[in-house]
file query_14.txt (compact mmCIF, C-alpha atoms)
# COMPACT_ATOMS: atom_id res chain seq x y z
CA ALA A 1 -24.28 0.77 38.55
CA VAL A 2 -26.94 -1.91 38.22
CA LEU A 3 -29.90 -0.83 36.11
CA ARG A 4 -33.22 -2.29 37.17
CA ALA A 5 -35.97 -2.50 34.58
CA LEU A 6 -39.56 -1.48 35.19
CA SER A 7 -40.57 -5.14 35.21
CA SER A 8 -39.18 -8.58 34.47
CA ASP A 9 -41.22 -9.08 31.31
CA ILE A 10 -39.67 -6.42 29.05
CA GLY A 11 -39.38 -7.76 25.51
CA GLY A 12 -36.54 -5.87 23.88
CA ARG A 13 -32.83 -5.33 23.43
CA PRO A 14 -30.91 -2.48 25.08
CA PHE A 15 -28.53 -0.24 23.13
CA ILE A 16 -25.97 2.24 24.49
CA VAL A 17 -26.09 5.52 22.56
CA HIS A 18 -23.53 8.32 22.92
CA GLY A 19 -25.21 11.70 23.19
CA GLY A 20 -22.05 13.81 23.10
CA GLY A 21 -19.67 14.85 25.88
CA GLY A 22 -20.27 12.72 28.96
CA THR A 23 -23.91 12.01 28.09
CA LEU A 24 -24.91 8.40 27.53
CA TYR A 25 -28.30 6.80 26.94
CA ILE A 26 -29.54 3.25 27.18
CA ALA A 27 -32.47 2.93 24.83
CA MET A 28 -34.80 -0.05 24.50
CA ASN A 29 -37.86 -0.56 22.34
CA ASP A 30 -40.06 -2.90 24.37
CA TYR A 31 -42.22 -4.72 21.81
CA SER A 32 -44.20 -6.67 24.42
CA GLY A 33 -45.15 -3.52 26.35
CA ARG A 34 -45.60 -1.33 23.23
CA ARG A 35 -43.29 1.37 24.56
CA THR A 36 -39.82 2.85 24.20
CA LEU A 37 -37.72 3.17 27.35
CA LEU A 38 -34.70 5.35 28.17
CA TRP A 39 -32.05 5.50 30.89
CA ARG A 40 -29.72 8.53 31.12
CA SER A 41 -26.23 9.22 32.40
CA ALA A 42 -24.57 12.65 32.45
CA ASP A 43 -21.23 11.44 33.87
CA ASP A 44 -19.93 8.85 31.39
CA GLY A 45 -21.97 6.04 32.95
CA ALA A 46 -21.01 6.48 36.61
CA ASN A 47 -24.64 7.15 37.56
CA TRP A 48 -27.90 6.38 35.78
CA SER A 49 -31.43 7.71 36.00
CA PRO A 50 -34.44 5.43 36.53
CA PRO A 51 -36.03 4.16 33.30
CA GLN A 52 -38.46 6.51 31.61
CA GLN A 53 -41.04 5.82 28.92
CA ILE A 54 -40.38 8.26 26.06
CA TYR A 55 -42.78 6.80 23.45
CA ALA A 56 -45.91 4.64 23.36
CA TRP A 57 -44.68 2.29 20.62
CA GLY A 58 -42.13 -0.52 20.85
CA GLY A 59 -41.95 -1.92 17.32
CA GLY A 60 -41.45 -5.61 16.50
CA THR A 61 -39.04 -8.29 17.63
CA GLY A 62 -36.24 -7.31 15.23
CA HIS A 63 -34.31 -4.43 16.80
CA ALA A 64 -31.75 -1.96 15.44
CA GLU A 65 -29.41 0.44 17.20
CA PRO A 66 -31.17 3.83 17.45
CA LEU A 67 -29.71 7.11 16.21
CA VAL A 68 -29.32 10.51 17.84
CA GLY A 69 -31.19 12.79 15.41
CA PRO A 70 -31.83 13.66 12.69
CA GLN A 71 -33.81 16.40 14.46
CA ALA A 72 -32.49 18.09 17.60
CA GLY A 73 -33.34 16.38 20.89
CA GLN A 74 -34.56 13.20 19.20
CA LEU A 75 -33.76 9.49 18.94
CA THR A 76 -34.78 7.61 15.78
CA PHE A 77 -35.73 3.93 15.98
CA ALA A 78 -36.41 1.21 13.42
CA SER A 79 -37.57 -2.37 13.93
CA SER A 80 -38.90 -5.36 12.00
CA ASN A 81 -40.90 -8.58 12.32
CA PRO A 82 -43.65 -8.71 11.42
CA GLN A 83 -43.71 -5.14 10.03
CA THR A 84 -40.85 -2.72 9.46
CA THR A 85 -41.60 0.50 11.31
CA ALA A 86 -39.70 3.69 12.12
CA TRP A 87 -40.39 6.38 14.69
CA GLY A 88 -38.71 9.27 16.48
CA ALA A 89 -38.92 9.94 20.22
CA ALA A 90 -38.12 13.19 22.02
CA LEU A 91 -35.35 12.73 24.57
CA ASP A 92 -37.10 14.98 27.10
CA GLY A 93 -40.03 12.56 27.39
CA SER A 94 -42.56 15.01 25.96
CA GLU A 95 -43.84 12.35 23.53
CA SER A 96 -44.29 9.58 26.10
CA GLY A 97 -47.94 9.12 25.09
CA THR A 98 -47.39 9.31 21.32
CA ASP A 99 -47.55 6.15 19.19
CA ALA A 100 -47.27 7.53 15.62
CA ARG A 101 -44.96 5.44 13.42
CA ALA A 102 -44.16 4.99 9.76
CA THR A 103 -44.83 1.53 8.35
CA LEU A 104 -42.10 0.99 5.76
CA SER A 105 -42.86 -2.65 4.90
CA GLU A 106 -45.64 -5.10 5.64
CA SER A 107 -43.55 -8.14 4.70
CA ALA A 108 -40.70 -9.79 6.57
CA VAL A 109 -37.25 -8.26 5.98
CA HIS A 110 -33.87 -8.67 7.65
CA ASP A 111 -30.91 -6.65 8.96
CA VAL A 112 -33.00 -3.50 9.42
CA GLN A 113 -30.69 -0.58 10.29
CA PRO A 114 -31.09 3.21 10.21
CA ALA A 115 -28.38 5.76 9.35
CA LEU A 116 -28.22 9.55 9.11
CA THR A 117 -27.67 11.07 5.68
CA GLY A 118 -26.07 14.29 6.96
CA ASP A 119 -28.69 16.60 5.44
CA GLY A 120 -31.29 16.44 8.19
CA GLY A 121 -32.69 13.16 6.88
CA ALA A 122 -32.10 9.45 7.35
CA ILE A 123 -32.35 6.07 5.64
CA VAL A 124 -33.35 2.59 6.76
CA VAL A 125 -31.52 -0.26 5.00
CA ALA A 126 -32.76 -3.89 4.95
CA ASN A 127 -32.73 -7.00 2.76
CA ASP A 128 -35.10 -9.82 1.86
CA LEU A 129 -32.30 -12.46 1.71
CA THR A 130 -31.99 -11.82 -2.04
CA ASN A 131 -31.82 -8.04 -2.57
CA THR A 132 -30.79 -5.09 -0.39
CA PHE A 133 -32.82 -1.86 -0.46
CA PHE A 134 -33.40 1.38 1.44
CA HIS A 135 -36.18 3.73 2.49
CA ARG A 136 -35.35 7.44 2.73
CA LEU A 137 -36.59 10.06 5.22
CA ALA A 138 -36.73 13.50 3.59
CA PRO A 139 -34.51 16.20 5.16
CA GLY A 140 -36.36 17.75 8.07
CA GLY A 141 -38.95 14.95 8.06
CA GLU A 142 -40.45 13.39 11.16
CA PRO A 143 -39.48 9.68 11.43
CA GLY A 144 -42.93 8.67 12.64
CA ASN A 145 -44.69 10.22 9.64
CA GLY A 146 -45.09 7.68 6.82
CA ALA A 147 -45.57 10.44 4.24
CA ALA A 148 -42.04 11.71 4.93
CA TRP A 149 -40.50 8.44 3.72
CA SER A 150 -39.88 7.22 0.17
CA GLY A 151 -38.87 3.83 -1.19
CA PRO A 152 -38.03 1.06 -1.16
CA THR A 153 -35.17 1.64 -3.62
CA THR A 154 -33.00 -1.30 -4.66
CA ILE A 155 -29.31 -1.07 -3.74
CA GLY A 156 -28.27 -4.42 -5.23
CA ALA A 157 -28.07 -8.13 -4.54
CA GLY A 158 -27.05 -9.48 -1.16
CA ASP A 159 -28.36 -11.64 1.66
CA THR A 160 -26.57 -9.84 4.53
CA SER A 161 -26.40 -6.04 4.78
CA ARG A 162 -24.99 -3.47 7.18
CA VAL A 163 -25.05 0.34 7.05
CA ALA A 164 -23.11 3.00 8.98
CA GLY A 165 -23.30 6.79 8.88
CA GLY A 166 -20.55 9.36 9.36
CA PRO A 167 -18.77 12.27 7.69
CA GLY A 168 -19.68 12.34 4.02
CA GLY A 169 -22.80 10.25 4.52
CA PRO A 170 -23.51 6.55 5.04
CA TYR A 171 -21.86 3.46 3.55
CA VAL A 172 -23.58 0.11 3.02
CA LEU A 173 -21.87 -3.31 3.02
CA THR A 174 -23.53 -6.30 1.37
CA SER A 175 -22.39 -9.91 1.11
CA ILE A 176 -23.11 -11.73 -2.15
CA PRO A 177 -23.37 -15.44 -1.22
CA ASN A 178 -20.18 -17.41 -1.94
CA THR A 179 -18.95 -14.64 -4.28
CA ARG A 180 -17.93 -11.20 -3.04
CA GLN A 181 -18.38 -8.24 -0.70
CA GLU A 182 -19.71 -4.92 -2.03
CA ILE A 183 -19.27 -1.52 -0.37
CA ARG A 184 -21.24 1.48 -1.61
CA LYS A 185 -21.11 5.17 -0.68
CA TRP A 186 -24.08 7.52 -0.36
CA ASN A 187 -24.14 10.14 -3.14
CA GLY A 188 -26.84 12.43 -1.80
CA SER A 189 -29.82 10.64 -3.30
CA GLY A 190 -28.82 6.97 -3.33
CA PHE A 191 -25.84 4.63 -3.32
CA GLY A 192 -23.23 4.73 -6.08
CA ALA A 193 -21.46 1.90 -7.88
CA PRO A 194 -19.84 -0.61 -5.53
CA VAL A 195 -16.24 -1.19 -4.69
CA SER A 196 -16.17 -4.97 -4.98
CA VAL A 197 -13.94 -7.26 -2.92
CA PRO A 198 -13.90 -10.60 -4.76
CA GLU A 199 -13.90 -12.70 -1.63
CA ARG A 200 -16.66 -14.85 -0.22
CA GLY A 201 -17.68 -14.14 3.33
CA SER A 202 -20.55 -14.16 5.77
CA ILE A 203 -21.51 -12.37 9.00
CA ASN A 204 -20.29 -8.78 8.64
CA ASP A 205 -20.26 -5.21 9.94
CA VAL A 206 -19.25 -1.73 8.76
CA VAL A 207 -18.28 1.50 10.55
CA VAL A 208 -17.35 5.07 9.59
CA SER A 209 -14.81 6.87 11.80
CA SER A 210 -15.03 10.52 12.88
CA SER A 211 -12.39 11.37 10.26
CA GLY A 212 -14.27 9.62 7.45
CA GLY A 213 -12.37 6.32 7.38
CA VAL A 214 -14.46 3.28 6.53
CA GLY A 215 -13.92 -0.21 7.95
CA ALA A 216 -15.78 -3.32 6.78
CA ILE A 217 -15.28 -6.75 8.37
CA TRP A 218 -16.50 -10.24 7.55
CA ARG A 219 -15.71 -13.87 8.30
CA PHE A 220 -13.83 -15.82 5.63
CA ASP A 221 -14.01 -19.61 5.85
CA ARG A 222 -10.68 -21.10 4.82
CA ASP A 223 -10.57 -24.43 3.02
CA ASP A 224 -8.70 -25.99 5.97
CA GLY A 225 -11.65 -25.17 8.26
CA ALA A 226 -10.10 -22.13 9.96
CA ASP A 227 -12.00 -18.84 10.21
CA MET A 228 -10.32 -15.54 9.37
CA LEU A 229 -11.64 -12.12 10.37
CA ARG A 230 -11.02 -9.88 7.37
CA LEU A 231 -10.92 -6.06 7.43
CA ALA A 232 -11.28 -3.82 4.36
CA LEU A 233 -10.14 -0.33 5.43
CA SER A 234 -10.52 2.79 3.30
CA THR A 235 -8.80 6.07 4.14
CA ASP A 236 -9.42 7.75 0.77
CA GLY A 237 -13.12 8.46 0.97
CA GLY A 238 -14.24 5.00 -0.07
CA ALA A 239 -12.31 4.90 -3.36
CA THR A 240 -10.29 1.80 -2.45
CA PHE A 241 -10.50 -0.81 0.30
CA PRO A 242 -7.20 -2.67 0.90
CA VAL A 243 -7.88 -5.92 2.78
CA ARG A 244 -6.05 -7.45 5.73
CA THR A 245 -6.56 -10.32 8.17
CA ILE A 246 -6.93 -9.20 11.79
CA ALA A 247 -7.72 -12.53 13.50
CA VAL A 248 -7.54 -16.26 12.80
CA GLU A 249 -9.40 -18.98 14.67
CA ALA A 250 -8.38 -22.63 14.41
CA ALA A 251 -10.52 -25.27 12.75
CA ASN A 252 -13.83 -26.12 14.43
CA THR A 253 -14.14 -22.68 16.01
CA VAL A 254 -16.72 -20.45 14.38
CA MET A 255 -17.16 -16.65 14.43
CA TYR A 256 -20.92 -16.29 14.87
CA ASP A 257 -21.40 -12.55 15.40
CA MET A 258 -19.18 -9.48 15.13
CA ALA A 259 -18.88 -5.69 15.32
CA VAL A 260 -16.13 -3.18 14.51
CA GLY A 261 -15.26 0.32 15.73
CA LEU A 262 -12.70 2.88 14.54
CA ALA A 263 -11.20 5.95 16.23
CA GLY A 264 -10.39 9.18 14.42
CA ASP A 265 -6.97 7.83 13.40
CA ASN A 266 -8.75 4.89 11.70
CA ALA A 267 -7.32 2.35 14.13
CA GLY A 268 -9.73 0.41 16.28
CA PHE A 269 -11.06 -2.86 17.55
CA ALA A 270 -13.36 -5.68 16.48
CA VAL A 271 -15.29 -8.02 18.74
CA TYR A 272 -16.67 -11.42 17.78
CA GLY A 273 -18.46 -14.24 19.54
CA GLY A 274 -18.02 -17.96 19.00
CA GLN A 275 -20.52 -20.71 18.41
CA PRO A 276 -22.66 -21.42 21.48
CA GLY A 277 -22.91 -24.99 22.71
CA SER A 278 -21.20 -27.59 24.83
CA ASN A 279 -17.77 -27.21 23.21
CA GLY A 280 -15.83 -24.85 25.46
CA ALA A 281 -13.44 -23.88 22.68
CA ARG A 282 -16.33 -22.24 20.87
CA ASN A 283 -17.94 -20.46 23.81
CA LEU A 284 -15.83 -17.34 23.45
CA ILE A 285 -15.99 -13.58 23.04
CA ARG A 286 -12.79 -12.03 21.79
CA VAL A 287 -11.66 -8.47 21.15
CA VAL A 288 -8.87 -7.84 18.63
CA ASN A 289 -7.31 -4.67 17.31
CA THR A 290 -7.28 -3.80 13.64
CA ASP A 291 -3.57 -4.46 13.13
CA PRO A 292 -2.81 -7.11 10.48
CA VAL A 293 -1.79 -10.60 11.58
CA ASP A 294 -0.04 -13.43 9.75
CA ASP A 295 -2.87 -15.56 8.46
CA GLY A 296 -0.60 -18.36 7.23
CA ALA A 297 -2.49 -18.94 4.01
CA PRO A 298 -4.27 -15.81 2.78
CA PRO A 299 -7.19 -16.36 0.43
CA ALA A 300 -6.82 -15.51 -3.21
CA PRO A 301 -7.41 -12.97 -4.53
CA PRO A 302 -7.08 -10.68 -1.46
CA GLY A 303 -7.31 -7.31 -3.26
CA GLN A 304 -10.16 -5.12 -4.34
CA VAL A 305 -11.54 -4.22 -7.73
CA PRO A 306 -13.19 -0.77 -7.85
CA GLY A 307 -16.64 -0.41 -9.37
CA PRO A 308 -17.36 -1.86 -12.81
CA ALA A 309 -14.08 -3.79 -13.01
CA GLY A 310 -15.33 -6.16 -10.31
CA PRO A 311 -17.79 -9.01 -10.75
CA ALA A 312 -20.93 -7.79 -12.45
CA GLY A 313 -23.46 -6.41 -10.02
CA PRO A 314 -26.69 -4.42 -10.19
CA GLU A 315 -26.67 -0.65 -10.28
CA PRO A 316 -28.62 1.41 -7.72
CA GLY A 317 -32.33 1.33 -8.48
CA ASP A 318 -32.13 -1.81 -10.62
CA VAL A 319 -34.71 -4.53 -10.20
CA VAL A 320 -32.72 -7.68 -9.43
CA ALA A 321 -34.12 -11.08 -10.42
CA PRO A 322 -34.72 -13.10 -7.24
CA VAL A 323 -32.94 -16.36 -6.55
CA GLN A 324 -35.31 -19.26 -7.11
CA PRO A 325 -35.89 -20.85 -3.70
CA ARG A 326 -35.72 -24.53 -2.94
CA LEU A 327 -39.13 -25.84 -1.97
CA VAL A 328 -40.44 -28.80 0.02
CA THR A 329 -44.17 -29.40 0.41
CA LYS A 330 -46.25 -31.60 2.68
CA ARG A 331 -49.97 -32.26 2.75
CA THR A 332 -52.06 -31.78 5.86
CA ARG A 333 -55.84 -31.72 6.21
CA GLY A 334 -57.14 -28.71 4.31
CA ALA A 335 -53.80 -27.24 3.17
CA THR A 336 -50.36 -27.77 1.67
CA LEU A 337 -47.42 -26.85 3.89
CA ARG A 338 -44.53 -25.10 2.10
CA LEU A 339 -40.93 -24.86 3.37
CA GLU A 340 -38.60 -22.68 1.27
CA SER A 341 -34.88 -21.97 1.49
CA THR A 342 -32.53 -20.28 -0.99
CA PRO A 343 -28.99 -21.70 -0.68
CA ALA A 344 -27.76 -24.77 -2.53
CA CYS A 345 -25.31 -25.36 0.28
CA VAL A 346 -24.58 -23.69 3.62
CA ARG A 347 -21.14 -22.78 4.95
CA PRO A 348 -20.49 -23.66 8.63
CA GLY A 349 -22.02 -21.03 10.89
CA ALA A 350 -23.40 -18.96 8.02
CA LEU A 351 -26.88 -17.48 8.16
CA PHE A 352 -29.39 -18.64 5.58
CA GLY A 353 -33.01 -17.80 4.98
CA ALA A 354 -35.98 -20.07 5.52
CA ARG A 355 -39.68 -19.38 5.03
CA MET A 356 -42.63 -21.43 6.25
CA SER A 357 -46.11 -20.96 4.79
CA ALA A 358 -49.29 -22.84 3.92
CA LYS A 359 -51.65 -22.79 0.95
CA LYS A 360 -55.21 -23.38 2.04
CA ASP A 361 -57.43 -25.66 -0.05
CA ARG A 362 -60.39 -24.20 -1.88
CA ARG A 363 -63.82 -24.60 -0.36
CA ARG A 364 -65.91 -27.03 -2.39
CA ARG A 365 -69.67 -27.62 -2.41
CA GLY A 366 -70.16 -25.61 0.74
CA ARG A 367 -67.94 -27.91 2.79
CA ARG A 368 -65.83 -26.28 5.44
CA VAL A 369 -62.06 -26.52 4.92
CA PRO A 370 -60.54 -28.06 8.09
CA PHE A 371 -57.73 -25.49 8.18
CA VAL A 372 -57.66 -21.89 9.44
CA ARG A 373 -54.00 -20.80 9.54
CA LEU A 374 -50.54 -21.46 10.96
CA THR A 375 -50.08 -19.87 14.38
CA LYS A 376 -46.49 -20.80 15.19
CA ALA A 377 -43.37 -22.10 13.43
CA GLU A 378 -40.40 -23.56 15.31
CA PHE A 379 -37.19 -23.85 13.26
CA PHE A 380 -34.72 -26.66 14.02
CA ILE A 381 -31.33 -27.77 12.74
CA GLY A 382 -31.57 -31.49 13.31
CA ARG A 383 -32.97 -31.81 16.83
CA ASN A 384 -31.67 -28.42 18.03
CA LYS A 385 -34.26 -25.65 18.10
CA GLN A 386 -32.94 -22.39 16.62
CA VAL A 387 -35.83 -19.93 16.78
CA THR A 388 -39.59 -19.73 17.35
CA ASP A 389 -41.74 -17.43 15.22
CA THR A 390 -45.32 -16.58 16.16
CA ALA A 391 -46.00 -13.87 13.59
CA ALA A 392 -46.75 -14.62 9.93
CA PRO A 393 -45.06 -14.55 7.50
CA PHE A 394 -42.79 -17.10 9.15
CA THR A 395 -39.48 -15.96 7.63
CA GLN A 396 -36.32 -16.48 9.66
CA ARG A 397 -32.55 -16.54 9.33
CA VAL A 398 -31.03 -19.77 10.66
CA ARG A 399 -27.37 -20.59 11.29
CA GLY A 400 -25.89 -23.57 9.51
CA PRO A 401 -24.24 -26.28 11.63
CA ASP A 402 -20.49 -26.79 11.94
CA LEU A 403 -20.06 -29.72 9.54
CA PRO A 404 -17.39 -30.81 7.07
CA SER A 405 -17.95 -30.03 3.41
CA ARG A 406 -20.53 -32.19 1.58
CA ARG A 407 -22.06 -33.55 4.80
CA PHE A 408 -25.82 -33.23 4.88
CA PHE A 409 -28.18 -32.06 7.63
CA TYR A 410 -31.90 -31.38 7.98
CA LEU A 411 -33.69 -28.07 8.36
CA ARG A 412 -36.86 -28.99 10.24
CA VAL A 413 -39.87 -26.83 11.06
CA ARG A 414 -42.62 -27.73 13.52
CA VAL A 415 -45.80 -25.79 12.83
CA THR A 416 -48.88 -25.37 14.98
CA ILE A 417 -52.08 -25.44 12.91
CA LYS A 418 -55.27 -23.72 13.94
CA ARG A 419 -58.31 -25.79 13.00
CA PRO A 420 -61.95 -24.65 13.03
CA ALA A 421 -63.68 -24.31 16.39
CA GLY A 422 -64.02 -27.62 18.17
CA VAL A 423 -61.21 -29.30 16.20
CA PRO A 424 -57.88 -29.89 18.03
CA SER A 425 -54.88 -27.86 16.80
CA PRO A 426 -52.12 -30.30 15.83
CA LYS A 427 -48.37 -29.81 15.50
CA VAL A 428 -46.79 -31.05 12.28
CA PHE A 429 -43.14 -31.39 11.21
CA ILE A 430 -41.80 -30.68 7.73
CA GLN A 431 -38.12 -30.99 6.81
CA MET A 432 -35.64 -30.22 4.03
CA ARG A 433 -32.33 -32.00 3.44
CA MET A 434 -29.44 -29.56 3.05
CA THR A 435 -25.71 -29.82 2.44
CA ALA A 436 -22.71 -28.16 4.07
CA CYS A 437 -20.42 -26.29 1.65

call {"tool": "encode", "arguments": {"input": "query_14.txt", "output": "structure tokens"}}
result
Amino acid sequence: AVLRALSSDIGGRPFIVHGGGGTLYIAMNDYSGRRTLLWRSADDGANWSPPQQIYAWGGGTGHAEPLVGPQAGQLTFASSNPQTTAWGAALDGSESGTDARATLSESAVHDVQPALTGDGGAIVVANDLTNTFFHRLAPGGEPGNGAAWSGPTTIGAGDTSRVAGGPGGPYVLTSIPNTRQEIRKWNGSGFGAPVSVPERGSINDVVVSSSGGVGAIWRFDRDDGADMLRLALSTDGGATFPVRTIAVEAANTVMYDMAVGLAGDNAGFAVYGGQPGSNGARNLIRVVNTDPVDDGAPPAPPGQVPGPAGPAGPEPGDVVAPVQPRLVTKRTRGATLRLESTPACVRPGALFGARMSAKKDRRRRGRRVPFVRLTKAEFFIGRNKQVTDTAAPFTQRVRGPDLPSRRFFYLRVRVTIKRPAGVPSPKVFIQMRMTAC
């Protein structure tokens, strides 16, 4: 069946949600139309209803897969950029005119994802490119009620985070840049000590099967340039996570995005997409099963170190010292432009954080400062535009280019500056030299 949207200008991302039995939903939070839309199928997707507005709020431009629950007959949504908000929408459409939402964060965060806690509540996990944290919805609470949420509570360090719920509660996976992967289990009030896999990796996902198995995947960049898709699979309630390789891509092919799913027997599939561009070898989407493959040259060490025996990491609730960002400044009339980024080097295809801001000059002797604010920031790698941001704070995650180790490249940002009335609004470039790992 071909689903036709209400209009051609919907700003959102659709998600397929399983409602049990043969019931499927396609849910979309339309940020441009300030609404949440729903399509329904009662026959495993053979036929679909017309779209229906089920809520009068669409969140921001950063979307997360919605959840069925935690209350009966409800979907829970979370979104980010510029604010992080959460809300619940009745599946029967009875709240189509309601716009109540909980504002969890006013600042820019990344990888926003909700998960059920199994006690009638939920959590929303996110990171600020340095630390990972969660907000908690009290059991029986309404997702759109800000008073029902607590947090944020620090989980630990990490610049990429994923969370998945299932039997026994949710698990969170975090990647510590160029160091290790950490997997933590929900203990009823927070996340316990991590099981640490001492292996660098980037771009990840985690899933919990219906039988309680936990699968975590990430991309490992081999020294010869090949990419390996690594799977850490636990069948003992998250106590240990033996690691295997389930796919290998030759040099100059990059795994840019990925997801994993497990059946009740803890076997499953992973899907990943290659680097977009003119190189046909990279324009790929592949599905692989979770069986181990011969990786030729496995990384060392491939095992796992439970809890405190692994590399030192923060405990739940700790305040983690932030990584000092790299900073480049540039003067413009009435302000100083500031471009910040955290990594010392960037692995090919890895995501890294960048923030664009401006510090306005002080007004002196009654003279008007010829600067109002930044209205847009366009992020480039070299001459290739990556993303456009029109909502301050201008914080984005950008993918590093596919370059050999120790080659340099430029992160460039073109900003649009609003001047006082009657003064033209210029566009100004600022750039930072960076190095490939």

call {"tool": "closest_atom_pairs", "arguments": {"input": "query_14.txt", "of": "region 350-406 of chain A", "to": "region 59-66 of chain A", "cutoff": "12 Å", "atoms": "only C-alpha atoms", "output": "CSV"}}
result
residue,atom,partner,partner_atom,distance
A:Thr388,CA,A:Thr61,CA,11.5
A:Asp389,CA,A:Thr61,CA,9.8
A:Thr390,CA,A:Thr61,CA,10.5
A:Ala391,CA,A:Thr61,CA,9.8
A:Thr395,CA,A:Gly62,CA,12.0
A:Gln396,CA,A:Gly62,CA,10.7
A:Arg397,CA,A:Gly62,CA,11.6

call {"tool": "residues_near_point", "arguments": {"input": "query_14.txt", "point": "(-5.4, -24.6, 9.1)", "cutoff": "7 Å", "atoms": "all atoms listed in the file", "output": "short mmCIF file (atom, residue, chain, number, x, y, z; two decimals) with C-alpha atoms, in the coordinates of the input"}}
result
data_model
loop_
_atom_site.label_atom_id
_atom_site.label_comp_id
_atom_site.auth_asym_id
_atom_site.auth_seq_id
_atom_site.Cartn_x
_atom_site.Cartn_y
_atom_site.Cartn_z
CA ASP A 224 -8.70 -25.99 5.97
CA GLY A 225 -11.65 -25.17 8.26
CA ALA A 226 -10.10 -22.13 9.96
CA ALA A 250 -8.38 -22.63 14.41
CA ALA A 251 -10.52 -25.27 12.75
#

call {"tool": "residues_around", "arguments": {"input": "query_14.txt", "residues": "region 416-432 of chain A", "least_positions_apart": "2", "cutoff": "8 Å", "atoms": "only C-alpha atoms", "output": "CSV table (one decimal) with C-alpha atoms, in the frame of the given file"}}
result
chain,number,residue,atom,x,y,z
A,328,VAL,CA,-40.4,-28.8,0.0
A,329,THR,CA,-44.2,-29.4,0.4
A,330,LYS,CA,-46.2,-31.6,2.7
A,337,LEU,CA,-47.4,-26.8,3.9
A,339,LEU,CA,-40.9,-24.9,3.4
A,370,PRO,CA,-60.5,-28.1,8.1
A,371,PHE,CA,-57.7,-25.5,8.2
A,372,VAL,CA,-57.7,-21.9,9.4
A,373,ARG,CA,-54.0,-20.8,9.5
A,374,LEU,CA,-50.5,-21.5,11.0
A,375,THR,CA,-50.1,-19.9,14.4
A,376,LYS,CA,-46.5,-20.8,15.2
A,377,ALA,CA,-43.4,-22.1,13.4
A,410,TYR,CA,-31.9,-31.4,8.0
A,411,LEU,CA,-33.7,-28.1,8.4
A,412,ARG,CA,-36.9,-29.0,10.2
A,413,VAL,CA,-39.9,-26.8,11.1
A,414,ARG,CA,-42.6,-27.7,13.5
A,434,MET,CA,-29.4,-29.6,3.0

call {"tool": "closest_residue", "arguments": {"input": "query_14.txt", "among": "A:Gly273, A:Gly12, A:Gly58, A:Pro177", "to": "Arg34 (chain A)", "atoms": "all atoms listed in the file"}}
result
A:Gly58

call {"tool": "atom_distance", "arguments": {"input": "query_14.txt", "atom1": "CA of Leu233 (chain A)", "atom2": "CA of Gly118 (chain A)"}}
result
21.7 Å

call {"tool": "atom_distance", "arguments": {"input": "query_14.txt", "atom1": "CA of Val260 (chain A)", "atom2": "CA of Arg286 (chain A)"}}
result
11.9 Å

call {"tool": "closest_residue", "arguments": {"input": "query_14.txt", "among": "A:Gly93, A:Gly69, A:Gly168, A:Gly45", "to": "Leu137 (chain A)", "atoms": "all atoms listed in the file"}}
result
A:Gly69

call {"tool": "closest_residue", "arguments": {"input": "query_14.txt", "among": "A:Val271, A:Val206, A:Ile217, A:Ala358", "to": "Pro393 (chain A)", "atoms": "all atoms listed in the file"}}
result
A:Ala358

call {"tool": "residues_around", "arguments": {"input": "query_14.txt", "residues": "Asp361 (chain A)", "least_positions_apart": "3", "cutoff": "9 Å", "atoms": "all atoms listed in the file", "output": "mmCIF file with C-alpha atoms, in the frame of the given file"}}
result
data_model
loop_
_atom_site.group_PDB
_atom_site.id
_atom_site.type_symbol
_atom_site.label_atom_id
_atom_site.label_comp_id
_atom_site.auth_asym_id
_atom_site.auth_seq_id
_atom_site.Cartn_x
_atom_site.Cartn_y
_atom_site.Cartn_z
ATOM 1 C CA ARG A 333 -55.840 -31.720 6.210
ATOM 2 C CA GLY A 334 -57.140 -28.710 4.310
ATOM 3 C CA ALA A 335 -53.800 -27.240 3.170
ATOM 4 C CA THR A 336 -50.360 -27.770 1.670
ATOM 5 C CA ARG A 364 -65.910 -27.030 -2.390
ATOM 6 C CA VAL A 369 -62.060 -26.520 4.920
ATOM 7 C CA PHE A 371 -57.730 -25.490 8.180
#

call {"tool": "closest_atom_pairs", "arguments": {"input": "query_14.txt", "of": "region 67-118 of chain A", "to": "region 183-192 of chain A", "cutoff": "12 Å", "atoms": "all atoms listed in the file", "output": "Markdown table"}}
result
| residue | atom | partner | partner_atom | distance |
| --- | --- | --- | --- | --- |
| A:Ala115 | CA | A:Trp186 | CA | 10.8 |
| A:Leu116 | CA | A:Trp186 | CA | 10.5 |
| A:Thr117 | CA | A:Gly188 | CA | 7.6 |
| A:Gly118 | CA | A:Gly188 | CA | 9.0 |

call {"tool": "residues_around", "arguments": {"input": "query_14.txt", "residues": "Ser209 (chain A)", "least_positions_apart": "3", "cutoff": "10 Å", "atoms": "all atoms listed in the file", "output": "list of chain:residue names"}}
result
A:Ala164, A:Gly165, A:Gly166, A:Pro167, A:Gly212, A:Gly213, A:Val214, A:Gly215, A:Thr235, A:Gly261, A:Leu262, A:Ala263, A:Gly264, A:Asp265, A:Asn266, A:Ala267, A:Gly268

call {"tool": "closest_residue", "arguments": {"input": "query_14.txt", "among": "A:Gly201, A:Gly146, A:Gly237, A:Pro242", "to": "Gly349 (chain A)", "atoms": "all atoms listed in the file"}}
result
A:Gly201

call {"tool": "atom_distance", "arguments": {"input": "query_14.txt", "atom1": "CA of Phe220 (chain A)", "atom2": "CA of Ser202 (chain A)"}}
result
6.9 Å

call {"tool": "closest_residue", "arguments": {"input": "query_14.txt", "among": "A:Leu24, A:Ala90, A:Met356, A:Leu229", "to": "Pro292 (chain A)", "atoms": "only C-alpha atoms"}}
result
A:Leu229
